[in-house]
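The structure appears below as structure tokens.
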Amino acid sequence: MLLDLDGLNGAPDAVRLAVLVLASRTPSETGVVKIHTSELGRWIGMSASYTASDVVPGLRRSGVVSVETEKGEYREDIGLKCKVLPLWAAQDVVGHPLNLAKKEYATLQRLLEAVMAPGWKHRDGRVTPAGLIGTRTGRGAATDRLALLLLVLEARETGRVRQCGGTVDTKRGRAAATVARLLGCTAAAGERVLERLEGRELVLRVRLKTASGLANRSRLMVPAVAAAHGRTVADDVQEDRVEALEPEFSDPDDAAGPGEAPELGKQPQVSGLPVTDVTGVAEPDVAADLHTDYPHLGTPVVPPQLSWGFSGEGRGDEGRRPERACAGEDQAVDGGTPVAGSVSPVAEGGPLRGEQPKKSPVDERGGQRAAGACAGGRPEAVGWDKAQRQRRVGLPAGSALQVALGPVAGLWAQLSGWQQDQVQAAAESEIKRLEGLLEHPGCGPRLLADRLTDRLEETGGEALVDRPFPWLMRRGLVQRQACSDTRCDDGIRLDTGVDCEMCGNVVHIRRARRAKIAAQIDRELPGLGDNERRRVLEERLWEQVAIEAEDLVWRQEQARAEQARRDAVRAAAREQAERERQEAAAAEAVHQALPCEDCGRDQAAGLCEACDHRRQTEALIGEAALFAAAGSADLSAPGSVAAVAAEVRASIGASIAAAWQEFLQITDVAALGADPGAARDAYAFTAFETARQAVQEFQDSALAMLGRTQEAGVEARRAFKAEQGRPWFQRNPTGADAVAAATKAAEAARERVAGHLLAMRLDQLREQIPARTETAAAAPWTDRLPELAARSLDGEAAGAVIS
């Protein structure tokens with residue numbers, strides 16, 4: 001009665017379960033429940049933050065529970081004072097279902113503790129264990145707890161749950177429909193809840209068999225309820241099996257005679273519809289009409305058997321349909337089946353009248369087929385093509401394929417060799433696609449195995465798959481995308497395993513569209529009857545669907561045109577880039593063909609490497625002179641700056657000469673003399689590297705000299721005292737830590753001042769000495785090379801190769 005209140009219509013399961021938890025903890029005297037938000041969250045299996053942000057506001061919006069809160073540090077609801085208003089209003093109302101006595105409150109609380117208590121530890125060390133589903137937390141926990149509580153309330157003493165009647169979804173089953181009606185959700189959601197409860201072994205779906213071996217009624221059991229009454233599920237199942245085997249020829253519940261109908265029970269189920277008694281009818285998704293009522297016109301050849309009175313007795317224990325009409329005749333005589341006894345003497349291998357007793361190819365084939373049947377396999381014909389003879393009984397090698405095709409191992413054994421190759425290739429391709437789609441290596445086989453398991457459950461098992469190869473290729477291995485999300489498979493997200501949000505959006509949009517059209521019909525045609533209103537609604541829905549289909553076609557055409565335009569733009573961009581690349585390559589070829597501006601060498605791109613290094617060396621010598629002058633020269637005296645620059649040039653020249661002599665000592669002088677161009681390049685590079693190192697040395701020397709100036713010293717002392725005056729050094733300013741930190745700060749200040757002074761002095765020098773716009777012109781190489789070629793490259797003259 002609490003769950004059927006208008007305020008809880010459409011509320012989340014966490015809110016509905018919270019109402020029941022608060023109702024069970026309601027004191028009969030005051031009716032006010034005092035509880036912390038975190039404790040309420042533990043009872044419904046949700047986090048404290050979710051309870052405070054979603055459940056408590058949902059309780060307020062429902063109007064079923066009045067909530068007064070105590071705010072926490074961040075203004076969140078931590079302490080709750082709740083009153084279940086329907087319980088409070090029913091107090092002292094004689095005959096009201098919610099007018100509960102104190103012992104009834106206690107019983108309800110004990111029931112919820114047994115089902116979903118979170119478990120806790122007492123101060124004296126005692127531990128109260130969690131309930132049946134008390135450890136289930138997180139997403140969907142409230143739904144599972146509510147479902148188990150309702151199943152426990154619906155269960156009998158034997159643990160059996162009264163299942164709903166009427167027509168149900170054959171893909172889901174009556175048990176899933178029962179859970180769905182209890183929760184007020186779809187059959188698909190009910191099936192997922194039931195599977196989660198089965199995974200925790202909290203409920204069982206027991207499938208019985210009739211005397212013919214076919215699947216009979218299914219039982220939805222709660223073992224904990226049976227155990228609480230001193231019973232076991234096995235006892236109830238054994239009673240059901242005995243009941244199923246009592247009929248003489250067939251189970252009257254599953255195969256009613258002509259004109260007979262199952263007797264309907266009188267007790268209503270949650271949906272309000274009359275419920276068929278669970279012992280009176282078989283589950284529609286597993287028990288079809290087993291036999292057609294044929295008139296008994298002749299005497300049967302085989303005497304009637306008490307346990308084999310159905311037309312499907314040739315299926316054996318596997319429950320499959322026979323592949324051909326003579327399937328029963330292919331069994332061996334000593335096969336132990338009732339059909340074996342009715343085989344004709346001709347089939348036993350005896351010759352026809354007037355013929356010699358010899359073996360024919362047909363007899364040999366029949367004998368091999370019978371032998372295969374006795375071995376436990378399906379009857380096979382001999383003499384098929386090569387692919388049929390090369391079939392593999394076991395699954396293909398490889399752990400991935402064995403995991404993926406494990407649920408359909410029985411169907412795999414029925415395929416021919418060629419069909420097995422096709423299925424294997426399709427499975428490998430699908431596994432690779434799934435792993436690439438989800439970017440999780442190793443998850444593809446498990447996902448494909450789960451998909452095949454679901455497909456088999458929809459079909460009703462391997463026994464109902466009469467054509468394994470088409471079923472596997474077109475149904476089992478194929479992803480059924482229910483929306484535009486590529487990760488959707490039958491409304492389930494492949495990466496998370498939860499309901500697809502996109503599918504939920506599609507359903508929501510469709511429902512909103514239907515409601516909008518219905519509202520328009522009510523406004524435009526207020527006096528329509530139900531049938532006429534339904535007809536008009538369907539017509540307008542079809543019109544809307546046609547409009548959306550046309551819009552979809554138009555948008556697809558627009559998308560194709562846009563894609564074509566983008567492809568054309570990309571092609572034009574690629575052509576333009578190729579033209580620009582070719583033009584740049586041609587320009588670079590022309591540039592590379594230019595001679596050197598200084599020495600005239602061909603193919604030097606305007607400046608050869610040796611001349612480029614010579615120019616950079618001259619620039620580096622000038623920069624080193626500036627650093628030396630900024631550190632030591634008197635900037636107000638031009639002569640002092642010139643003297644320092646000359647000294648630097650002479651110093652770097654001596655360093656270059658020394659470096660060149662070291663190079664000549666470690667190289668082959670004869671080979672170097674045979675190639676004047678190589679000698680010129682080597683000398684230029686040696687001079688460049690020496691000048692570059694000298695620039696860094698003169699810069700460091702200038703900074704060191706400027707760091708010893710008066711300005712740097714003053715700034716260093718100020719930084720030293722400032723660091724000693726820090727609040728954390730005020731107690732002991734002369735301590736080791738304080739002195740070390742102050743010294744480091746003083747050195748940093750000295751370096752900053754030196755860098756600043758150096759930058760200022762360099763700017764002043766550049767203003768006094770105009771930059772050289774061009775280097776001194778050297779003698780043309782055409783005039784100098786004959787003289788150099790006549791010299792020998794010995795140790796004394798090698799230094800004059802490049803002067």
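The way I read the labels, and the way they are meant: chains A, B, ... in the order of the structure tokens, residue 1 as the first residue of every chain, and ligand 1 as the first ligand shown, with later ones counted on from there.
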
Compile the contact shell of region 133-147 of chain A as a PyMOL selection string: residues with an atom at most 9 Å away, counting only C-alpha atoms, same-chain residues fewer than 6 positions apart removed.
chain A and resi 12-18+42-47+113-119+179-180+182-183+190+193-194+196-197+200+202

Run DSSP on the backbone of this structure and report the residues of region 571-650 of chain A it assigns to alpha helix (DSSP H), as a PyMOL selection string.
chain A and resi 571-592+609-632+638-650

Pull the closest atom pair for each residue of region 483-564 of chain A that gets at most 12 Å from region 424-436 of chain A, along with the distance in Å to one decimal, counting only C-alpha atoms, ordering rows by chain and then ascending residue number, as CSV.
```
residue,atom,partner,partner_atom,distance
A:Thr486,CA,A:Leu434,CA,10.2
A:Arg487,CA,A:Leu434,CA,8.9
A:Cys488,CA,A:Leu434,CA,11.3
A:Asp489,CA,A:Leu434,CA,11.2
A:Arg493,CA,A:Leu434,CA,11.9
A:Leu494,CA,A:Leu434,CA,8.6
A:Asp495,CA,A:Leu434,CA,9.5
```

Let me see the file: selected residues, N, CA and C atoms, as a PDB file, in the first residue's frame.
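Below is the file that was written, out.pdb:
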```
ATOM      1  N   THR A 486      27.398   3.247 -31.248  1.00  0.00           N
ATOM      2  CA  THR A 486      28.046   2.029 -31.747  1.00  0.00           C
ATOM      3  C   THR A 486      28.344   1.037 -30.640  1.00  0.00           C
ATOM      4  N   ARG A 487      28.279   1.450 -29.375  1.00  0.00           N
ATOM      5  CA  ARG A 487      28.524   0.546 -28.256  1.00  0.00           C
ATOM      6  C   ARG A 487      27.252  -0.119 -27.748  1.00  0.00           C
ATOM      7  N   CYS A 488      26.136   0.100 -28.414  1.00  0.00           N
ATOM      8  CA  CYS A 488      24.852  -0.441 -27.979  1.00  0.00           C
ATOM      9  C   CYS A 488      24.635  -1.812 -28.594  1.00  0.00           C
ATOM     10  N   ASP A 489      24.189  -2.760 -27.794  1.00  0.00           N
ATOM     11  CA  ASP A 489      23.839  -4.096 -28.261  1.00  0.00           C
ATOM     12  C   ASP A 489      22.582  -4.537 -27.518  1.00  0.00           C
ATOM     13  N   ARG A 493      24.908  -1.321 -22.973  1.00  0.00           N
ATOM     14  CA  ARG A 493      26.204  -0.770 -23.336  1.00  0.00           C
ATOM     15  C   ARG A 493      27.267  -1.862 -23.223  1.00  0.00           C
ATOM     16  N   LEU A 494      28.054  -2.052 -24.291  1.00  0.00           N
ATOM     17  CA  LEU A 494      29.072  -3.087 -24.288  1.00  0.00           C
ATOM     18  C   LEU A 494      30.206  -2.767 -23.324  1.00  0.00           C
ATOM     19  N   ASP A 495      30.507  -1.494 -23.116  1.00  0.00           N
ATOM     20  CA  ASP A 495      31.652  -1.151 -22.281  1.00  0.00           C
ATOM     21  C   ASP A 495      31.334  -1.185 -20.799  1.00  0.00           C
TER      22      ASP A 495
END
```

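Near region 710-723 of chain A, within 6 Å and counting only C-alpha atoms, sit Ala742, Ala745, Ala746, Ala749, Arg750 and Val753 of chain A, not including residues fewer than 4 positions from it in the same chain.
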
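Between Lys83 (chain A) and the residues A:Pro27, A:Gly755, A:Gly725, A:Gly131, the shortest atom-to-atom distance, using only C-alpha atoms, involves A:Pro27.
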
Find the residues around Ala687 (chain A) up to 8 Å (only C-alpha atoms counted), leave out those fewer than 6 positions away in its own chain, and share them as a VMD selection string.
chain A and resid 613 to 614 617 656 659 to 660

Those same residues - all heavy atoms - I'd like them written as a PDB file, in the first residue's frame.
```pdb
ATOM      1  N   HIS A 613      81.283  29.970 -41.592  1.00  0.00           N
ATOM      2  CA  HIS A 613      81.959  29.859 -40.299  1.00  0.00           C
ATOM      3  C   HIS A 613      82.894  31.049 -40.072  1.00  0.00           C
ATOM      4  O   HIS A 613      83.042  31.524 -38.929  1.00  0.00           O
ATOM      5  CB  HIS A 613      82.742  28.548 -40.235  1.00  0.00           C
ATOM      6  CG  HIS A 613      81.857  27.353 -39.996  1.00  0.00           C
ATOM      7  ND1 HIS A 613      82.216  26.087 -40.386  1.00  0.00           N
ATOM      8  CD2 HIS A 613      80.640  27.228 -39.417  1.00  0.00           C
ATOM      9  CE1 HIS A 613      81.257  25.233 -40.045  1.00  0.00           C
ATOM     10  NE2 HIS A 613      80.284  25.919 -39.461  1.00  0.00           N
ATOM     11  N   ARG A 614      83.557  31.552 -41.142  1.00  0.00           N
ATOM     12  CA  ARG A 614      84.457  32.691 -40.993  1.00  0.00           C
ATOM     13  C   ARG A 614      83.686  33.937 -40.577  1.00  0.00           C
ATOM     14  O   ARG A 614      84.135  34.691 -39.696  1.00  0.00           O
ATOM     15  CB  ARG A 614      85.197  32.925 -42.303  1.00  0.00           C
ATOM     16  CG  ARG A 614      86.210  34.052 -42.247  1.00  0.00           C
ATOM     17  CD  ARG A 614      87.040  34.079 -43.517  1.00  0.00           C
ATOM     18  NE  ARG A 614      86.202  34.226 -44.692  1.00  0.00           N
ATOM     19  CZ  ARG A 614      85.720  35.376 -45.142  1.00  0.00           C
ATOM     20  NH1 ARG A 614      85.966  36.501 -44.482  1.00  0.00           N
ATOM     21  NH2 ARG A 614      84.979  35.439 -46.223  1.00  0.00           N
ATOM     22  N   THR A 617      82.668  33.544 -36.983  1.00  0.00           N
ATOM     23  CA  THR A 617      83.822  33.693 -36.096  1.00  0.00           C
ATOM     24  C   THR A 617      84.134  35.174 -35.859  1.00  0.00           C
ATOM     25  O   THR A 617      84.434  35.598 -34.720  1.00  0.00           O
ATOM     26  CB  THR A 617      85.037  32.982 -36.708  1.00  0.00           C
ATOM     27  OG1 THR A 617      84.728  31.597 -36.888  1.00  0.00           O
ATOM     28  CG2 THR A 617      86.245  33.109 -35.810  1.00  0.00           C
ATOM     29  N   ILE A 656      92.944  30.032 -31.435  1.00  0.00           N
ATOM     30  CA  ILE A 656      92.608  29.367 -32.692  1.00  0.00           C
ATOM     31  C   ILE A 656      93.830  28.673 -33.270  1.00  0.00           C
ATOM     32  O   ILE A 656      93.759  27.527 -33.754  1.00  0.00           O
ATOM     33  CB  ILE A 656      92.020  30.388 -33.684  1.00  0.00           C
ATOM     34  CG1 ILE A 656      90.648  30.882 -33.200  1.00  0.00           C
ATOM     35  CG2 ILE A 656      91.894  29.787 -35.075  1.00  0.00           C
ATOM     36  CD1 ILE A 656      90.063  32.004 -34.044  1.00  0.00           C
ATOM     37  N   ALA A 659      94.532  25.556 -31.227  1.00  0.00           N
ATOM     38  CA  ALA A 659      93.553  24.506 -31.537  1.00  0.00           C
ATOM     39  C   ALA A 659      93.818  23.877 -32.900  1.00  0.00           C
ATOM     40  O   ALA A 659      93.665  22.663 -33.096  1.00  0.00           O
ATOM     41  CB  ALA A 659      92.140  25.080 -31.486  1.00  0.00           C
ATOM     42  N   TRP A 660      94.247  24.702 -33.862  1.00  0.00           N
ATOM     43  CA  TRP A 660      94.559  24.153 -35.195  1.00  0.00           C
ATOM     44  C   TRP A 660      95.777  23.236 -35.145  1.00  0.00           C
ATOM     45  O   TRP A 660      95.808  22.193 -35.807  1.00  0.00           O
ATOM     46  CB  TRP A 660      94.767  25.310 -36.162  1.00  0.00           C
ATOM     47  CG  TRP A 660      95.139  24.874 -37.544  1.00  0.00           C
ATOM     48  CD1 TRP A 660      96.312  25.071 -38.182  1.00  0.00           C
ATOM     49  CD2 TRP A 660      94.317  24.151 -38.461  1.00  0.00           C
ATOM     50  NE1 TRP A 660      96.296  24.546 -39.420  1.00  0.00           N
ATOM     51  CE2 TRP A 660      95.053  23.947 -39.624  1.00  0.00           C
ATOM     52  CE3 TRP A 660      93.025  23.656 -38.399  1.00  0.00           C
ATOM     53  CZ2 TRP A 660      94.566  23.280 -40.737  1.00  0.00           C
ATOM     54  CZ3 TRP A 660      92.522  22.984 -39.505  1.00  0.00           C
ATOM     55  CH2 TRP A 660      93.275  22.796 -40.656  1.00  0.00           C
TER      56      TRP A 660
END
```

Could you list, as number ranges by chain, every residue within 10 Å of region 33-35 of chain A, counting only C-alpha atoms and ignoring same-chain residues fewer than 3 positions away?
A: 22-27, 30, 38-40, 67-69, 78-84

Show me, as a ChimeraX atom specification, the residues that have an atom within 10 Å of region 509-516 of chain A when counting only C-alpha atoms, minus same-chain residues fewer than 4 positions from it.
/A:503-505,520-522,537-538,540-541,544

Could those selected residues go to a file with N, CA and C atoms, as a PDB file, in the first residue's frame?
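Saved the output as again02.pdb:
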```pdb
ATOM      1  N   CYS A 503      19.447   4.692 -25.907  1.00  0.00           N
ATOM      2  CA  CYS A 503      18.162   4.019 -26.098  1.00  0.00           C
ATOM      3  C   CYS A 503      17.100   4.609 -25.178  1.00  0.00           C
ATOM      4  N   GLY A 504      17.506   4.928 -23.932  1.00  0.00           N
ATOM      5  CA  GLY A 504      16.562   5.572 -23.030  1.00  0.00           C
ATOM      6  C   GLY A 504      16.098   6.923 -23.550  1.00  0.00           C
ATOM      7  N   ASN A 505      17.011   7.662 -24.172  1.00  0.00           N
ATOM      8  CA  ASN A 505      16.623   8.942 -24.761  1.00  0.00           C
ATOM      9  C   ASN A 505      15.655   8.746 -25.917  1.00  0.00           C
ATOM     10  N   GLN A 520      -2.796  17.030 -28.441  1.00  0.00           N
ATOM     11  CA  GLN A 520      -3.368  17.776 -29.558  1.00  0.00           C
ATOM     12  C   GLN A 520      -4.724  17.206 -29.973  1.00  0.00           C
ATOM     13  N   ILE A 521      -4.830  15.882 -29.976  1.00  0.00           N
ATOM     14  CA  ILE A 521      -6.110  15.247 -30.331  1.00  0.00           C
ATOM     15  C   ILE A 521      -7.177  15.604 -29.303  1.00  0.00           C
ATOM     16  N   ASP A 522      -6.811  15.598 -28.025  1.00  0.00           N
ATOM     17  CA  ASP A 522      -7.783  15.937 -26.982  1.00  0.00           C
ATOM     18  C   ASP A 522      -8.268  17.382 -27.128  1.00  0.00           C
ATOM     19  N   LEU A 537      -4.978   8.590 -33.198  1.00  0.00           N
ATOM     20  CA  LEU A 537      -3.623   8.702 -32.659  1.00  0.00           C
ATOM     21  C   LEU A 537      -2.631   7.892 -33.491  1.00  0.00           C
ATOM     22  N   GLU A 538      -3.017   6.668 -33.861  1.00  0.00           N
ATOM     23  CA  GLU A 538      -2.124   5.844 -34.674  1.00  0.00           C
ATOM     24  C   GLU A 538      -1.887   6.471 -36.040  1.00  0.00           C
ATOM     25  N   ARG A 540      -1.940   9.661 -36.861  1.00  0.00           N
ATOM     26  CA  ARG A 540      -1.051  10.816 -36.747  1.00  0.00           C
ATOM     27  C   ARG A 540       0.371  10.397 -36.395  1.00  0.00           C
ATOM     28  N   LEU A 541       0.481   9.326 -35.618  1.00  0.00           N
ATOM     29  CA  LEU A 541       1.826   8.821 -35.333  1.00  0.00           C
ATOM     30  C   LEU A 541       2.501   8.327 -36.611  1.00  0.00           C
ATOM     31  N   GLN A 544       3.611  11.291 -38.540  1.00  0.00           N
ATOM     32  CA  GLN A 544       4.813  11.866 -37.956  1.00  0.00           C
ATOM     33  C   GLN A 544       6.037  11.035 -38.290  1.00  0.00           C
TER      34      GLN A 544
END
```

Taking 3 positions as the minimum chain separation for residues in the same chain, which residues sit within 9 Å of region 402-416 of chain A when counting only C-alpha atoms? Answer as number ranges by chain.
A: 378, 387-399, 419-421, 423-424, 427, 431, 444-450, 452-453, 456, 462, 465, 467-469, 472

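Coordinates place CA of Gln696 (chain A) at a distance of 20.4 Å from CA of Glu747 (chain A).
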
Mind listing the strand (DSSP E or B) residues of region 481-679 of chain A, per DSSP on the backbone, as a VMD selection string?
chain A and resid 488 to 489 492 to 493 499
